[in-house]
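*Asks:* This is the content of final-v5.cif (mmCIF, C-alpha atoms):
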```cif
data_coords
loop_
_atom_site.label_atom_id
_atom_site.label_comp_id
_atom_site.auth_asym_id
_atom_site.auth_seq_id
_atom_site.Cartn_x
_atom_site.Cartn_y
_atom_site.Cartn_z
CA MET A 30 21.54 -5.10 27.21
CA GLU A 31 22.59 -4.45 23.60
CA LEU A 32 19.60 -3.85 21.41
CA HIS A 33 19.78 -2.84 17.75
CA ILE A 34 16.47 -1.11 17.10
CA PRO A 35 16.22 -0.46 13.36
CA THR A 36 16.76 3.21 12.53
CA LEU A 37 14.19 4.98 10.35
CA ALA A 38 16.72 5.32 7.53
CA PRO A 39 18.32 2.15 6.12
CA GLU A 40 21.99 1.54 6.88
CA THR A 41 24.65 1.66 4.17
CA ILE A 42 26.61 -1.59 4.02
CA PHE A 43 29.12 -0.78 1.27
CA HIS A 44 29.61 1.47 -1.76
CA LEU A 45 29.57 0.52 -5.44
CA GLY A 46 31.67 3.34 -6.78
CA LYS A 47 29.86 6.34 -5.31
CA PHE A 48 26.54 4.51 -5.03
CA PRO A 49 25.74 3.55 -1.43
CA VAL A 50 24.33 0.01 -1.15
CA THR A 51 21.94 -0.22 1.80
CA ASN A 52 20.67 -3.33 3.56
CA THR A 53 17.20 -2.82 2.04
CA ILE A 54 18.71 -2.92 -1.46
CA VAL A 55 20.18 -6.36 -0.61
CA ASN A 56 16.66 -7.50 0.26
CA VAL A 57 15.31 -6.10 -3.02
CA TRP A 58 18.03 -7.94 -4.96
CA LEU A 59 17.08 -11.15 -3.17
CA ALA A 60 13.43 -10.67 -4.16
CA ILE A 61 14.41 -9.90 -7.76
CA ALA A 62 16.65 -13.00 -7.86
CA VAL A 63 13.77 -15.19 -6.63
CA PHE A 64 11.44 -13.71 -9.27
CA ILE A 65 13.95 -14.22 -12.08
CA ILE A 66 14.65 -17.82 -11.06
CA VAL A 67 10.96 -18.75 -10.57
CA GLY A 68 10.03 -16.89 -13.76
CA LEU A 69 12.63 -18.69 -15.85
CA ILE A 70 11.68 -22.09 -14.39
CA ILE A 71 8.00 -21.53 -15.11
CA ARG A 72 8.65 -20.16 -18.61
CA ASN A 73 10.63 -23.27 -19.52
CA ARG A 74 7.93 -25.59 -18.21
CA VAL A 75 4.78 -23.84 -19.47
CA ASN A 76 2.50 -26.51 -20.83
CA LEU A 77 -1.16 -26.95 -21.73
CA LYS A 78 -1.17 -29.72 -19.16
CA PRO A 79 0.26 -27.74 -16.24
CA GLY A 80 2.83 -29.17 -13.88
CA LYS A 81 2.94 -28.60 -10.13
CA ILE A 82 4.60 -25.16 -10.15
CA GLN A 83 2.52 -23.88 -13.06
CA ASN A 84 -0.65 -25.13 -11.37
CA PHE A 85 0.32 -23.43 -8.14
CA MET A 86 0.99 -20.10 -9.87
CA GLU A 87 -2.16 -20.30 -12.01
CA PHE A 88 -4.19 -20.92 -8.86
CA PHE A 89 -2.79 -17.72 -7.32
CA LEU A 90 -3.31 -15.74 -10.50
CA GLU A 91 -6.93 -16.85 -10.83
CA LYS A 92 -7.67 -15.92 -7.22
CA LEU A 93 -6.03 -12.54 -7.81
CA LEU A 94 -8.00 -11.91 -11.01
CA VAL A 95 -11.31 -12.41 -9.16
CA TYR A 96 -10.33 -9.76 -6.58
CA PHE A 97 -9.08 -7.38 -9.26
CA ASP A 98 -12.37 -7.78 -11.16
CA GLN A 99 -14.21 -6.57 -8.05
CA VAL A 100 -12.40 -3.24 -8.36
CA THR A 101 -12.22 -2.74 -12.12
CA GLY A 102 -15.62 -4.36 -12.82
CA ASP A 103 -14.27 -5.49 -16.18
CA ARG A 104 -12.04 -8.49 -16.98
CA LYS A 105 -10.53 -6.69 -20.00
CA LYS A 106 -9.36 -3.82 -17.82
CA THR A 107 -8.11 -6.25 -15.19
CA LEU A 108 -6.00 -8.08 -17.75
CA SER A 109 -4.52 -4.86 -19.11
CA PHE A 110 -3.57 -3.68 -15.59
CA LEU A 111 -2.41 -7.11 -14.43
CA PRO A 112 1.27 -6.81 -15.48
CA LEU A 113 1.70 -3.73 -13.29
CA VAL A 114 -0.51 -4.46 -10.30
CA GLY A 115 0.32 -8.19 -10.28
CA SER A 116 4.05 -7.41 -10.22
CA VAL A 117 3.56 -4.82 -7.50
CA PHE A 118 1.54 -7.29 -5.41
CA PHE A 119 3.94 -10.21 -5.68
CA PHE A 120 6.99 -7.99 -5.23
CA ILE A 121 5.68 -6.33 -2.07
CA LEU A 122 4.45 -9.65 -0.71
CA LEU A 123 7.74 -11.45 -1.34
CA SER A 124 9.91 -8.63 -0.01
CA ASN A 125 7.72 -8.37 3.11
CA TRP A 126 7.95 -12.09 3.74
CA LEU A 127 11.69 -12.17 2.98
CA GLY A 128 12.04 -9.79 5.91
CA LEU A 129 10.93 -12.62 8.20
CA LEU A 130 13.78 -14.91 7.16
CA PRO A 131 16.17 -15.85 9.95
CA GLY A 132 19.16 -13.53 9.78
CA THR A 133 17.17 -10.41 8.98
CA GLY A 134 18.30 -7.82 11.51
CA SER A 135 20.57 -10.30 13.28
CA ILE A 136 23.50 -10.84 10.86
CA HIS A 137 25.67 -7.75 11.04
CA ILE A 138 28.35 -6.29 8.80
CA GLY A 139 30.19 -3.92 11.09
CA GLU A 140 27.45 -1.99 12.89
CA ALA A 141 24.76 -2.39 10.24
CA PRO A 142 22.50 -5.43 9.81
CA LEU A 143 23.00 -7.19 6.45
CA LEU A 144 19.28 -7.67 5.75
CA ARG A 145 16.35 -5.40 6.37
CA PRO A 146 12.84 -5.72 4.85
CA ALA A 147 12.78 -3.73 1.60
CA ASN A 148 9.61 -1.89 2.52
CA ALA A 149 11.05 -0.77 5.85
CA ASP A 150 12.77 1.87 3.72
CA LEU A 151 10.73 4.97 2.91
CA ASN A 152 12.79 5.53 -0.27
CA MET A 153 11.54 2.19 -1.60
CA THR A 154 7.86 2.69 -0.79
CA LEU A 155 7.98 6.31 -1.97
CA ALA A 156 9.55 5.26 -5.27
CA MET A 157 6.82 2.67 -5.80
CA ALA A 158 4.05 5.11 -4.83
CA VAL A 159 5.37 7.83 -7.15
CA SER A 160 5.73 5.26 -9.95
CA VAL A 161 2.17 3.92 -9.69
CA VAL A 162 0.61 7.39 -9.43
CA VAL A 163 2.63 8.62 -12.44
CA ILE A 164 1.72 5.46 -14.39
CA SER A 165 -1.96 5.95 -13.50
CA HIS A 166 -1.75 9.43 -15.07
CA ILE A 167 -0.06 8.07 -18.18
CA VAL A 168 -2.84 5.45 -18.42
CA GLY A 169 -5.37 8.28 -18.04
CA LEU A 170 -3.70 10.35 -20.77
CA VAL A 171 -3.68 7.39 -23.15
CA THR A 172 -7.18 6.01 -22.49
CA VAL A 173 -9.42 9.07 -22.01
CA GLY A 174 -7.30 11.46 -24.09
CA VAL A 175 -4.91 14.26 -23.17
CA PHE A 176 -7.45 17.10 -22.92
CA THR A 177 -10.11 15.11 -21.05
CA HIS A 178 -7.53 13.90 -18.56
CA ILE A 179 -6.03 17.32 -17.93
CA GLY A 180 -9.58 18.68 -17.83
CA LYS A 181 -10.20 16.55 -14.70
CA PHE A 182 -7.72 18.77 -12.86
CA VAL A 183 -7.71 22.09 -14.68
CA GLN A 184 -11.30 22.76 -15.73
CA LEU A 185 -10.58 25.81 -17.90
CA GLY A 186 -12.76 24.54 -20.76
CA GLY A 187 -15.86 24.63 -18.55
CA LEU A 188 -15.01 28.15 -17.42
CA ILE A 189 -14.65 29.45 -20.99
CA LYS A 190 -17.91 27.76 -22.06
CA SER A 191 -19.73 29.16 -18.99
CA PHE A 192 -19.23 32.78 -20.12
CA SER A 193 -21.96 32.30 -22.70
CA LYS A 194 -24.35 30.72 -20.16
CA GLY A 195 -24.77 33.41 -17.53
CA PRO A 196 -23.54 34.25 -14.01
CA VAL A 197 -24.70 31.04 -12.28
CA ALA A 198 -22.81 28.89 -14.78
CA ILE A 199 -19.70 31.07 -14.33
CA PHE A 200 -19.95 30.68 -10.54
CA THR A 201 -20.25 26.88 -10.89
CA ALA A 202 -17.31 26.79 -13.30
CA VAL A 203 -15.12 28.79 -10.88
CA ILE A 204 -15.99 26.33 -8.09
CA ASN A 205 -15.18 23.42 -10.43
CA LEU A 206 -11.82 25.05 -11.17
CA ALA A 207 -11.07 25.24 -7.43
CA VAL A 208 -12.16 21.61 -6.98
CA GLY A 209 -9.74 20.70 -9.77
CA PHE A 210 -6.87 22.24 -7.81
CA ILE A 211 -7.90 20.25 -4.74
CA GLU A 212 -7.74 17.14 -6.96
CA ILE A 213 -4.14 18.04 -7.81
CA ILE A 214 -3.29 18.23 -4.09
CA SER A 215 -5.04 14.89 -3.53
CA GLU A 216 -2.66 13.32 -6.07
CA PHE A 217 0.22 14.22 -3.75
CA ALA A 218 -1.77 12.91 -0.80
CA LYS A 219 -2.12 9.59 -2.65
CA VAL A 220 1.67 9.27 -2.89
CA LEU A 221 2.10 10.19 0.77
CA SER A 222 -0.56 7.81 2.09
CA LEU A 223 0.52 4.88 -0.11
CA SER A 224 4.18 5.16 0.81
CA LEU A 225 3.78 5.95 4.52
CA ARG A 226 1.21 3.21 5.13
CA LEU A 227 3.37 0.44 3.71
CA PHE A 228 6.58 1.79 5.25
CA GLY A 229 5.01 2.38 8.67
CA ASN A 230 3.51 -1.07 8.94
CA ILE A 231 6.57 -3.00 7.83
CA PHE A 232 8.90 -0.82 9.90
CA ALA A 233 6.66 -1.20 12.97
CA GLY A 234 6.74 -4.99 12.46
CA GLU A 235 10.52 -4.99 12.24
CA VAL A 236 10.86 -2.93 15.45
CA LEU A 237 8.28 -5.11 17.21
CA ILE A 238 10.05 -8.35 16.33
CA THR A 239 13.46 -6.90 17.30
CA VAL A 240 12.14 -5.83 20.71
CA ILE A 241 10.27 -9.09 21.33
CA ALA A 242 13.27 -11.19 20.23
CA SER A 243 15.50 -9.24 22.62
CA ILE A 244 13.20 -10.10 25.52
CA LEU A 245 13.18 -13.82 24.72
CA ALA A 246 14.63 -15.15 21.47
CA ILE A 247 12.91 -18.56 21.60
CA VAL A 248 9.19 -19.21 20.98
CA LEU A 249 8.02 -15.73 22.05
CA PRO A 250 8.59 -14.03 18.65
CA ALA A 251 6.69 -16.81 16.81
CA PRO A 252 3.14 -15.43 17.21
CA PHE A 253 4.38 -11.97 16.27
CA MET A 254 6.06 -13.37 13.17
CA LEU A 255 2.79 -15.07 12.24
CA LEU A 256 1.11 -11.69 12.66
CA GLU A 257 3.78 -10.17 10.41
CA LEU A 258 3.01 -12.79 7.74
CA LEU A 259 -0.55 -11.52 7.81
CA VAL A 260 0.47 -7.84 7.87
CA GLY A 261 2.77 -8.47 4.88
CA LEU A 262 -0.11 -9.97 2.91
CA VAL A 263 -2.64 -7.34 3.96
CA GLN A 264 -0.36 -4.40 3.18
CA ALA A 265 0.63 -5.88 -0.17
CA SER A 266 -3.04 -6.27 -1.09
CA VAL A 267 -3.96 -2.78 0.16
CA PHE A 268 -1.17 -1.16 -1.88
CA THR A 269 -2.17 -3.21 -4.93
CA MET A 270 -5.89 -2.56 -4.63
CA LEU A 271 -5.37 1.18 -4.21
CA THR A 272 -3.11 1.17 -7.26
CA LEU A 273 -5.85 -0.63 -9.14
CA VAL A 274 -8.46 1.88 -7.94
CA TYR A 275 -6.27 4.78 -9.15
CA LEU A 276 -5.73 3.10 -12.51
CA THR A 277 -9.46 2.37 -12.88
CA VAL A 278 -10.50 5.90 -11.92
CA MET A 279 -7.93 7.48 -14.25
CA SER A 280 -8.93 5.29 -17.17
CA SER A 281 -12.63 6.14 -16.90
CA ALA A 282 -14.21 9.25 -18.38
CA PRO A 283 -15.22 11.97 -15.87
CA HIS A 284 -18.89 12.31 -14.87
CA GLY A 285 -21.03 13.95 -17.50
CA GLU A 286 -18.70 12.89 -20.30
CA HIS A 287 -20.54 9.63 -21.02
CA SER A 288 -23.47 11.25 -22.78
CA MET B 27 -41.42 3.11 -6.85
CA GLN B 28 -38.10 1.42 -7.50
CA GLU B 29 -36.25 4.72 -7.06
CA ASN B 30 -37.39 5.19 -3.44
CA GLN B 31 -36.03 1.83 -2.30
CA PRO B 32 -32.52 1.81 -0.80
CA LYS B 33 -29.80 0.65 -3.19
CA LYS B 34 -28.86 -3.00 -2.67
CA THR B 35 -25.35 -3.69 -1.41
CA THR B 36 -23.39 -5.74 -3.91
CA SER B 37 -20.47 -8.09 -3.38
CA ARG B 38 -18.20 -5.51 -5.07
CA GLU B 39 -19.20 -2.91 -2.48
CA TYR B 40 -18.36 -5.35 0.34
CA HIS B 41 -14.91 -5.89 -1.17
CA LEU B 42 -14.27 -2.17 -1.61
CA PHE B 43 -15.52 -1.58 1.95
CA ALA B 44 -13.08 -4.21 3.24
CA PHE B 45 -10.14 -2.60 1.44
CA LYS B 46 -11.15 0.87 2.55
CA MET B 47 -11.20 -0.41 6.14
CA LEU B 48 -7.84 -2.20 5.78
CA GLY B 49 -6.24 0.87 4.24
CA ASP B 50 -7.60 3.12 6.95
CA PHE B 51 -6.49 0.80 9.76
CA GLY B 52 -3.08 0.42 8.09
CA ALA B 53 -2.61 4.19 7.99
CA SER B 54 -3.74 4.43 11.63
CA ILE B 55 -0.98 1.99 12.60
CA ALA B 56 1.69 3.50 10.36
CA ALA B 57 1.40 7.23 11.05
CA PRO B 58 1.82 7.19 14.88
CA VAL B 59 4.68 4.66 14.69
CA VAL B 60 6.65 6.74 12.19
CA ILE B 61 6.11 9.99 14.12
CA PHE B 62 6.79 8.60 17.61
CA VAL B 63 9.81 6.50 16.59
CA LEU B 64 11.24 9.54 14.81
CA ILE B 65 10.85 11.59 18.00
CA GLY B 66 12.18 8.68 20.10
CA GLN B 67 15.30 8.28 17.97
CA TYR B 68 15.93 12.03 18.07
CA LEU B 69 15.67 12.04 21.89
CA ASP B 70 17.87 8.91 22.14
CA ASP B 71 20.54 10.66 20.08
CA LYS B 72 20.26 13.85 22.10
CA TYR B 73 20.38 12.30 25.57
CA ALA B 74 22.41 9.15 24.65
CA LYS B 75 19.73 6.88 26.15
CA SER B 76 19.35 4.48 23.17
CA PRO B 77 17.00 2.58 22.86
CA LEU B 78 14.88 3.86 25.80
CA PHE B 79 13.00 6.67 24.05
CA THR B 80 12.56 4.69 20.83
CA ILE B 81 10.87 1.84 22.73
CA LEU B 82 8.84 4.31 24.75
CA GLY B 83 7.75 6.03 21.53
CA PHE B 84 6.89 2.67 20.02
CA VAL B 85 4.71 1.69 22.99
CA LEU B 86 2.97 5.09 22.97
CA ALA B 87 2.37 4.78 19.21
CA ALA B 88 0.89 1.30 19.70
CA LEU B 89 -1.50 2.59 22.39
CA LEU B 90 -2.50 5.56 20.25
CA SER B 91 -3.06 3.32 17.20
CA ALA B 92 -5.18 0.97 19.31
CA LYS B 93 -7.35 3.87 20.45
CA ILE B 94 -7.76 5.27 16.93
CA ILE B 95 -8.56 1.83 15.48
CA TYR B 96 -11.08 1.12 18.28
CA LYS B 97 -12.91 4.37 17.45
CA LYS B 98 -12.78 3.73 13.73
CA ALA B 99 -13.88 0.10 14.13
CA LYS B 100 -17.05 1.27 15.88
CA ILE B 101 -17.86 3.63 12.99
CA TYR B 102 -17.10 0.93 10.42
CA GLY B 103 -19.22 -1.53 12.41
CA GLU B 104 -22.23 0.74 12.07
CA GLU B 105 -21.55 1.25 8.37
CA TYR B 106 -21.33 -2.53 7.94
CA LYS B 107 -24.68 -2.97 9.69
CA ARG B 108 -26.26 -0.45 7.33
CA MET B 109 -24.79 -2.32 4.37
CA ASN B 110 -26.27 -5.59 5.70
CA GLU B 111 -29.68 -3.99 6.09
CA ASN B 112 -29.61 -3.03 2.41
CA LYS B 113 -28.55 -6.53 1.35
#
```
Just give me the structure of the file as structure tokens.

*Replies:*
Amino acid sequence: MELHIPTLAPETIFHLGKFPVTNTIVNVWLAIAVFIIVGLIIRNRVNLKPGKIQNFMEFFLEKLLVYFDQVTGDRKKTLSFLPLVGSVFFFILLSNWLGLLPGTGSIHIGEAPLLRPANADLNMTLAMAVSVVVISHIVGLVTVGVFTHIGKFVQLGGLIKSFSKGPVAIFTAVINLAVGFIEIISEFAKVLSLSLRLFGNIFAGEVLITVIASILAIVLPAPFMLLELLVGLVQASVFTMLTLVYLTVMSSAPHGEHS
Amino acid sequence: MQENQPKKTTSREYHLFAFKMLGDFGASIAAPVVIFVLIGQYLDDKYAKSPLFTILGFVLAALLSAKIIYKKAKIYGEEYKRMNENK
């Protein structure tokens, strides 16, 4: 029995100059092409009296805004984060669902499959995770100010002030300084958990469908593909919501700063 | 008197609870699969038994994930009950 279980690393299909083009990049390009085409169509047809496509997209957007509001607690914040988190959500969702198209994993160029879900590539999910965490810090720097934001992680100001307040205050400030360093480590943990969660789930789905399809190619994979539709949606929303939580936390002043 | 009463659970807290649960379950599925498939593919390469060890690793990871999720679901179930009591 010949069975092509997807490898953990994506396969290189061809080279553009020295740049290796992997099968996950092909999937990303497909997703980008769909976005550009749909975006251009909608932009040309935007009207106060919405047509079918505009109505459909506005329906999705309104549903999304309600969920985002639950996290940010403020429509203004939601709208300012929407371009980033909305793009992340739709991109992850579309690239996950594109991975269920017939041909994914089954059309081969040489030894390597032509298509592989974009998020079944740790490079992809890691790049997105690093991007959103870095952007959340930039948002923090801009909204709460450079010193306040850095002060969340390196609480030197509190330590200096504590010298005039006595030994207990100094002890508390030293502990706060240590907690700040733990916060820095947790930023790396955020990147790791965001990227591994999405990658692991989509990769597991791809392996599962490959194995099931090799047992019986007809009918049997259908329920698993339905499950993958759900996993694609759930993982897209988890990644998006966590991004939104990071953005919201970074853009709010630390405790004790309000007064 | 108001201060002694338990805080009421809001719809926002239910949503955040749901996403916390989804994220946690997602990680519980992802981590074992990545680790076990990595080991499986290494063993397949070493002993030229592809895809035996990868599939074996995948099945083991699925069982492990199921066990972890079952344990976590119980804990989340209790937390959900507490949230409902404060509704």

*Asks:* Return the single residue from A:Ile247, A:Leu258, A:Leu69, A:Val183 that is closest to Ile211 in chain A, with distances computed using all atoms listed in the file.

*Replies:* A:Val183

*Asks:* Starting from chain B, keep only residues with some atom at most 6 Å from an atom of chain A, counting only C-alpha atoms, and report them as number ranges by chain.

*Replies:* B: 38, 49, 52-53, 56, 60

*Asks:* I would like the residues chosen by the PyMOL selection byres ((chain B and resi 58) around 8) on the shown file; could you give them as a list in words?

*Replies:*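 When the PyMOL selection byres ((chain B and resi 58) around 8) is applied to the shown file, the picked residues are Ser54, Ile55, Ala56, Ala57, Val59, Val60, Ile61, Phe62, Ala87, Ala88, Leu90 and Ser91 of chain B.
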
*Asks:* Enumerate, as a list in words, the protein, DNA and RNA residues whose atoms approach (0.9, 7.3, -5.0) to within 6 Å, taking into account all atoms listed in the file and the coordinate frame of the file.

*Replies:*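 Those residues, ordered by chain and then number, are Ala158, Val159, Val161, Val162, Lys219, Val220 and Leu223 of chain A.
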
*Asks:* One number please: CA of Phe43 in chain A to CA of Tyr73 in chain B, in Å, one decimal.

*Replies:*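 Computing it gives 28.9 Å between the two atoms.
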
*Asks:* Need to verify the contact set: range 98-105 of chain B, 9 Å, all atoms listed in the file, exclusion of same-chain residues closer than 3 positions in sequence. Can you return it as a PyMOL selection string?

*Replies:* chain B and resi 43+47+50-51+93-95+108-110

*Asks:* Around the point (12.9, -14.3, 5.9) in the file's coordinates, collect all residues with an atom within 12 Å, using all atoms listed in the file, and return them as an MDAnalysis selection string.

*Replies:* chainID A and resid 56 59:60 122:135 144:147 235 254:255 257:258 261

*Asks:* Go ahead and save the picked residues with C-alpha atoms, as a compact mmCIF listing (two decimals), in the coordinates of the input.

*Replies:*
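And here is the file that came out, result.txt:
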```txt
# COMPACT_ATOMS: atom_id res chain seq x y z
CA ASN A 56 16.66 -7.50 0.26
CA LEU A 59 17.08 -11.15 -3.17
CA ALA A 60 13.43 -10.67 -4.16
CA LEU A 122 4.45 -9.65 -0.71
CA LEU A 123 7.74 -11.45 -1.34
CA SER A 124 9.91 -8.63 -0.01
CA ASN A 125 7.72 -8.37 3.11
CA TRP A 126 7.95 -12.09 3.74
CA LEU A 127 11.69 -12.17 2.98
CA GLY A 128 12.04 -9.79 5.91
CA LEU A 129 10.93 -12.62 8.20
CA LEU A 130 13.78 -14.91 7.16
CA PRO A 131 16.17 -15.85 9.95
CA GLY A 132 19.16 -13.53 9.78
CA THR A 133 17.17 -10.41 8.98
CA GLY A 134 18.30 -7.82 11.51
CA SER A 135 20.57 -10.30 13.28
CA LEU A 144 19.28 -7.67 5.75
CA ARG A 145 16.35 -5.40 6.37
CA PRO A 146 12.84 -5.72 4.85
CA ALA A 147 12.78 -3.73 1.60
CA GLU A 235 10.52 -4.99 12.24
CA MET A 254 6.06 -13.37 13.17
CA LEU A 255 2.79 -15.07 12.24
CA GLU A 257 3.78 -10.17 10.41
CA LEU A 258 3.01 -12.79 7.74
CA GLY A 261 2.77 -8.47 4.88
```
